[in-house]
>>> print(open('structure.txt').read())   # compact mmCIF, N, CA and C atoms
# COMPACT_ATOMS: atom_id res chain seq x y z
N MET A 20 3.30 -20.56 -4.07
CA MET A 20 2.94 -19.33 -3.41
C MET A 20 4.00 -18.27 -3.67
N ILE A 21 3.54 -17.07 -3.88
CA ILE A 21 4.44 -15.96 -4.14
C ILE A 21 5.00 -15.46 -2.80
N HIS A 22 6.30 -15.21 -2.78
CA HIS A 22 6.90 -14.65 -1.58
C HIS A 22 7.65 -13.38 -1.95
N PRO A 23 7.47 -12.31 -1.30
CA PRO A 23 6.53 -12.08 -0.20
C PRO A 23 5.10 -11.92 -0.72
N SER A 24 4.15 -12.20 0.14
CA SER A 24 2.75 -12.09 -0.25
C SER A 24 2.31 -10.63 -0.23
N TYR A 25 1.14 -10.36 -0.81
CA TYR A 25 0.59 -9.01 -0.80
C TYR A 25 0.42 -8.51 0.64
N VAL A 26 -0.02 -9.39 1.51
CA VAL A 26 -0.25 -9.02 2.90
C VAL A 26 1.06 -8.58 3.56
N GLU A 27 2.13 -9.33 3.31
CA GLU A 27 3.44 -8.98 3.87
C GLU A 27 3.92 -7.64 3.33
N LEU A 28 3.75 -7.42 2.03
CA LEU A 28 4.16 -6.15 1.43
C LEU A 28 3.38 -4.98 2.01
N MET A 29 2.07 -5.17 2.20
CA MET A 29 1.24 -4.11 2.75
C MET A 29 1.66 -3.79 4.19
N LYS A 30 2.05 -4.79 4.97
CA LYS A 30 2.51 -4.56 6.33
C LYS A 30 3.80 -3.74 6.34
N VAL A 31 4.72 -4.06 5.43
CA VAL A 31 5.99 -3.33 5.35
C VAL A 31 5.74 -1.87 4.96
N VAL A 32 4.92 -1.66 3.95
CA VAL A 32 4.66 -0.30 3.46
C VAL A 32 3.94 0.53 4.52
N ASN A 33 3.00 -0.08 5.22
CA ASN A 33 2.21 0.64 6.22
C ASN A 33 2.83 0.60 7.62
N ASN A 34 4.06 0.16 7.72
CA ASN A 34 4.74 -0.01 9.01
C ASN A 34 4.82 1.29 9.80
N ASP A 35 5.07 2.42 9.16
CA ASP A 35 5.26 3.69 9.85
C ASP A 35 3.96 4.44 10.12
N VAL A 36 2.84 3.89 9.70
CA VAL A 36 1.55 4.55 9.89
C VAL A 36 1.11 4.37 11.34
N GLU A 37 0.75 5.47 11.97
CA GLU A 37 0.30 5.41 13.36
C GLU A 37 -1.18 5.09 13.43
N ILE A 38 -1.62 4.63 14.58
CA ILE A 38 -3.02 4.26 14.78
C ILE A 38 -3.91 5.48 14.53
N GLY A 39 -4.94 5.28 13.75
CA GLY A 39 -5.86 6.35 13.42
C GLY A 39 -5.56 7.04 12.10
N GLU A 40 -4.35 6.89 11.58
CA GLU A 40 -3.99 7.48 10.29
C GLU A 40 -4.44 6.57 9.16
N GLU A 41 -4.61 7.17 7.99
CA GLU A 41 -4.96 6.43 6.78
C GLU A 41 -3.74 5.64 6.32
N PRO A 42 -3.88 4.33 6.05
CA PRO A 42 -2.72 3.56 5.57
C PRO A 42 -2.26 4.07 4.20
N VAL A 43 -0.95 3.95 3.95
CA VAL A 43 -0.39 4.38 2.67
C VAL A 43 -0.95 3.52 1.56
N VAL A 44 -0.99 2.22 1.78
CA VAL A 44 -1.50 1.27 0.81
C VAL A 44 -2.58 0.45 1.48
N ASN A 45 -3.75 0.39 0.86
CA ASN A 45 -4.84 -0.37 1.48
C ASN A 45 -5.46 -1.39 0.53
N SER A 46 -4.78 -1.67 -0.59
CA SER A 46 -5.31 -2.67 -1.51
C SER A 46 -4.17 -3.32 -2.30
N ARG A 47 -4.46 -4.47 -2.83
CA ARG A 47 -3.49 -5.17 -3.68
C ARG A 47 -3.19 -4.36 -4.93
N TYR A 48 -4.20 -3.70 -5.44
CA TYR A 48 -4.05 -2.88 -6.64
C TYR A 48 -2.96 -1.83 -6.42
N SER A 49 -2.96 -1.18 -5.28
CA SER A 49 -1.97 -0.14 -4.99
C SER A 49 -0.56 -0.71 -4.96
N ILE A 50 -0.40 -1.89 -4.38
CA ILE A 50 0.91 -2.54 -4.36
C ILE A 50 1.36 -2.88 -5.77
N VAL A 51 0.46 -3.40 -6.58
CA VAL A 51 0.79 -3.78 -7.96
C VAL A 51 1.22 -2.55 -8.76
N ILE A 52 0.47 -1.47 -8.65
CA ILE A 52 0.80 -0.25 -9.40
C ILE A 52 2.16 0.30 -8.96
N ALA A 53 2.39 0.36 -7.65
CA ALA A 53 3.65 0.90 -7.14
C ALA A 53 4.85 0.05 -7.57
N THR A 54 4.74 -1.27 -7.48
CA THR A 54 5.87 -2.12 -7.88
C THR A 54 6.08 -2.10 -9.39
N ALA A 55 5.00 -1.98 -10.15
CA ALA A 55 5.14 -1.89 -11.61
C ALA A 55 5.86 -0.60 -12.00
N LYS A 56 5.54 0.51 -11.32
CA LYS A 56 6.23 1.77 -11.60
C LYS A 56 7.72 1.65 -11.30
N ARG A 57 8.04 1.02 -10.18
CA ARG A 57 9.45 0.85 -9.83
C ARG A 57 10.15 -0.08 -10.83
N ALA A 58 9.47 -1.12 -11.27
CA ALA A 58 10.05 -2.03 -12.27
C ALA A 58 10.35 -1.27 -13.56
N ARG A 59 9.45 -0.37 -13.96
CA ARG A 59 9.70 0.44 -15.16
C ARG A 59 10.91 1.34 -14.98
N GLN A 60 11.10 1.86 -13.77
CA GLN A 60 12.30 2.68 -13.50
C GLN A 60 13.56 1.84 -13.64
N ILE A 61 13.53 0.61 -13.15
CA ILE A 61 14.68 -0.28 -13.24
C ILE A 61 14.96 -0.61 -14.70
N ILE A 62 13.92 -0.88 -15.47
CA ILE A 62 14.09 -1.16 -16.90
C ILE A 62 14.72 0.03 -17.61
N SER A 63 14.36 1.23 -17.17
CA SER A 63 14.87 2.46 -17.79
C SER A 63 16.30 2.79 -17.37
N GLY A 64 16.86 2.01 -16.45
CA GLY A 64 18.25 2.21 -16.08
C GLY A 64 18.51 2.57 -14.63
N ALA A 65 17.48 2.67 -13.80
CA ALA A 65 17.69 2.96 -12.39
C ALA A 65 18.45 1.81 -11.73
N VAL A 66 19.30 2.16 -10.79
CA VAL A 66 20.11 1.16 -10.10
C VAL A 66 19.25 0.46 -9.05
N PRO A 67 19.21 -0.88 -9.08
CA PRO A 67 18.45 -1.62 -8.06
C PRO A 67 19.04 -1.39 -6.66
N MET A 68 18.15 -1.27 -5.67
CA MET A 68 18.57 -1.01 -4.30
C MET A 68 18.44 -2.24 -3.40
N ALA A 69 17.85 -3.30 -3.88
CA ALA A 69 17.63 -4.49 -3.06
C ALA A 69 18.96 -5.16 -2.75
N GLU A 70 19.07 -5.66 -1.52
CA GLU A 70 20.30 -6.32 -1.10
C GLU A 70 20.35 -7.78 -1.50
N LYS A 71 19.25 -8.50 -1.28
CA LYS A 71 19.25 -9.91 -1.68
C LYS A 71 18.27 -10.11 -2.83
N VAL A 72 18.83 -10.25 -4.01
CA VAL A 72 18.02 -10.42 -5.21
C VAL A 72 18.19 -11.85 -5.69
N VAL A 73 17.10 -12.60 -5.66
CA VAL A 73 17.14 -14.00 -6.10
C VAL A 73 17.01 -14.06 -7.62
N CYS A 74 16.14 -13.24 -8.15
CA CYS A 74 15.87 -13.21 -9.58
C CYS A 74 16.19 -11.82 -10.12
N GLN A 75 16.78 -11.73 -11.29
CA GLN A 75 17.18 -10.44 -11.85
C GLN A 75 16.08 -9.76 -12.66
N LYS A 76 14.90 -10.33 -12.70
CA LYS A 76 13.80 -9.72 -13.45
C LYS A 76 13.40 -8.41 -12.75
N PRO A 77 13.15 -7.35 -13.51
CA PRO A 77 12.85 -6.04 -12.92
C PRO A 77 11.70 -6.05 -11.92
N LEU A 78 10.63 -6.77 -12.20
CA LEU A 78 9.50 -6.80 -11.29
C LEU A 78 9.87 -7.51 -9.99
N SER A 79 10.62 -8.58 -10.08
CA SER A 79 11.07 -9.29 -8.88
C SER A 79 11.97 -8.41 -8.03
N VAL A 80 12.84 -7.66 -8.67
CA VAL A 80 13.72 -6.73 -7.96
C VAL A 80 12.88 -5.65 -7.28
N ALA A 81 11.89 -5.12 -7.98
CA ALA A 81 11.03 -4.07 -7.42
C ALA A 81 10.26 -4.59 -6.21
N VAL A 82 9.75 -5.79 -6.28
CA VAL A 82 9.02 -6.38 -5.14
C VAL A 82 9.97 -6.54 -3.96
N GLU A 83 11.17 -7.01 -4.21
CA GLU A 83 12.14 -7.19 -3.13
C GLU A 83 12.52 -5.84 -2.51
N GLU A 84 12.65 -4.80 -3.33
CA GLU A 84 12.95 -3.47 -2.80
C GLU A 84 11.84 -2.97 -1.88
N VAL A 85 10.60 -3.19 -2.27
CA VAL A 85 9.47 -2.79 -1.43
C VAL A 85 9.49 -3.58 -0.13
N TYR A 86 9.73 -4.87 -0.23
CA TYR A 86 9.74 -5.74 0.95
C TYR A 86 10.86 -5.36 1.92
N GLU A 87 12.02 -4.97 1.39
CA GLU A 87 13.14 -4.57 2.24
C GLU A 87 12.98 -3.15 2.78
N GLY A 88 11.99 -2.42 2.29
CA GLY A 88 11.78 -1.05 2.74
C GLY A 88 12.70 -0.05 2.08
N LYS A 89 13.30 -0.43 0.97
CA LYS A 89 14.23 0.45 0.25
C LYS A 89 13.49 1.48 -0.61
N VAL A 90 12.24 1.19 -0.94
CA VAL A 90 11.43 2.08 -1.77
C VAL A 90 10.27 2.58 -0.92
N LYS A 91 10.09 3.89 -0.89
CA LYS A 91 8.98 4.47 -0.13
C LYS A 91 7.84 4.76 -1.11
N ILE A 92 6.66 4.28 -0.76
CA ILE A 92 5.49 4.50 -1.60
C ILE A 92 4.70 5.67 -1.03
N LEU A 93 4.47 6.67 -1.85
CA LEU A 93 3.67 7.82 -1.44
C LEU A 93 2.21 7.52 -1.71
N PRO A 94 1.30 7.96 -0.85
CA PRO A 94 -0.12 7.62 -1.02
C PRO A 94 -0.68 7.97 -2.40
N GLU A 95 -0.38 9.16 -2.91
CA GLU A 95 -0.91 9.53 -4.23
C GLU A 95 -0.23 8.75 -5.35
N ALA A 96 1.00 8.31 -5.16
CA ALA A 96 1.71 7.53 -6.17
C ALA A 96 1.12 6.12 -6.27
N ALA A 97 0.59 5.61 -5.18
CA ALA A 97 0.05 4.27 -5.16
C ALA A 97 -1.33 4.20 -5.83
N GLU A 98 -2.00 5.33 -5.95
CA GLU A 98 -3.36 5.32 -6.45
C GLU A 98 -3.50 5.75 -7.90
N THR A 99 -2.53 6.49 -8.43
CA THR A 99 -2.65 6.97 -9.80
C THR A 99 -1.52 6.45 -10.65
N GLU A 100 -1.78 6.26 -11.90
CA GLU A 100 -0.76 5.80 -12.83
C GLU A 100 -0.44 6.90 -13.80
N GLU A 101 0.85 7.07 -14.10
CA GLU A 101 1.27 8.10 -15.04
C GLU A 101 1.03 7.66 -16.46
>>> encode(input="structure.txt", output="structure tokens")
Amino acid sequence: MIHPSYVELMKVVNNDVEIGEEPVVNSRYSIVIATAKRARQIISGAVPMAEKVVCQKPLSVAVEEVYEGKVKILPEAAETEE
């Protein structure tokens, strides 16, 4: 099993959303796109922000950053790919 799961990541990202508001991320696809974008930034030389990194692979680091709340996902960024 992958840790953290998609459900856990979605809870972290949508943590600040108040009742009645549209969630920032409402699908697995949005989480995948957002973490892939962050992984590409890390590959391009961005400094990782995650505190506990088990694996040094860029995608694993990006997932950990999202899980720790170090990366903020904007609603439009989660839905479109550059």
>>> atom_distance(input="structure.txt", atom1="atom N of A:Asn34", atom2="atom CA of A:Gly88")
9.3 Å
>>> residues_near_point(input="structure.txt", point="(18.1, -6.1, -14.8)", cutoff="8 Å", atoms="only C-alpha atoms", output="PDB file with N, CA and C atoms, in the coordinates of the input")
ATOM      1  N   ILE A  61      13.530   0.610 -13.150  1.00  0.00           N
ATOM      2  CA  ILE A  61      14.680  -0.280 -13.240  1.00  0.00           C
ATOM      3  C   ILE A  61      14.960  -0.610 -14.700  1.00  0.00           C
ATOM      4  N   ILE A  62      13.920  -0.880 -15.470  1.00  0.00           N
ATOM      5  CA  ILE A  62      14.090  -1.160 -16.900  1.00  0.00           C
ATOM      6  C   ILE A  62      14.720   0.030 -17.610  1.00  0.00           C
ATOM      7  N   GLN A  75      16.780 -11.730 -11.290  1.00  0.00           N
ATOM      8  CA  GLN A  75      17.180 -10.440 -11.850  1.00  0.00           C
ATOM      9  C   GLN A  75      16.080  -9.760 -12.660  1.00  0.00           C
ATOM     10  N   LYS A  76      14.900 -10.330 -12.700  1.00  0.00           N
ATOM     11  CA  LYS A  76      13.800  -9.720 -13.450  1.00  0.00           C
ATOM     12  C   LYS A  76      13.400  -8.410 -12.750  1.00  0.00           C
ATOM     13  N   PRO A  77      13.150  -7.350 -13.510  1.00  0.00           N
ATOM     14  CA  PRO A  77      12.850  -6.040 -12.920  1.00  0.00           C
ATOM     15  C   PRO A  77      11.700  -6.050 -11.920  1.00  0.00           C
TER      16      PRO A  77
END
>>> closest_residue(input="structure.txt", among="A:Val73, A:Val80, A:Met29, A:Met68", to="A:Tyr48", atoms="only C-alpha atoms")
A:Met29
>>> atom_distance(input="structure.txt", atom1="atom CA of A:Ala58", atom2="atom CA of A:Asn33")
20.3 Å
>>> atom_distance(input="structure.txt", atom1="atom CA of A:Val44", atom2="atom N of A:Ser79")
19.0 Å
>>> closest_residue(input="structure.txt", among="A:Val66, A:Ile92, A:Val85, A:Ala53", to="A:Leu28", atoms="only N, CA and C atoms")
A:Val85
>>> axis_aligned_box(input="structure.txt", around="stretch 40-44 of chain A", padding_each_side="6 Å", output="lines of an AutoDock Vina configuration file")
center_x = -2.7
center_y = 4.0
center_z = 6.2
size_x = 16.6
size_y = 19.0
size_z = 22.8
>>> closest_residue(input="structure.txt", among="A:His22, A:Arg59, A:Arg47, A:Lys30", to="A:Glu83", atoms="all atoms listed in the file")
A:His22
>>> closest_residue(input="structure.txt", among="A:Val51, A:Leu93, A:Ala81, A:Val72", to="A:Val32", atoms="only C-alpha atoms")
A:Leu93
>>> select_by_dssp(input="structure.txt", residues="chain A", states="helix (DSSP H, G or I)", output="PyMOL selection string")
chain A and resi 25-32+47-62+77-87+94-98
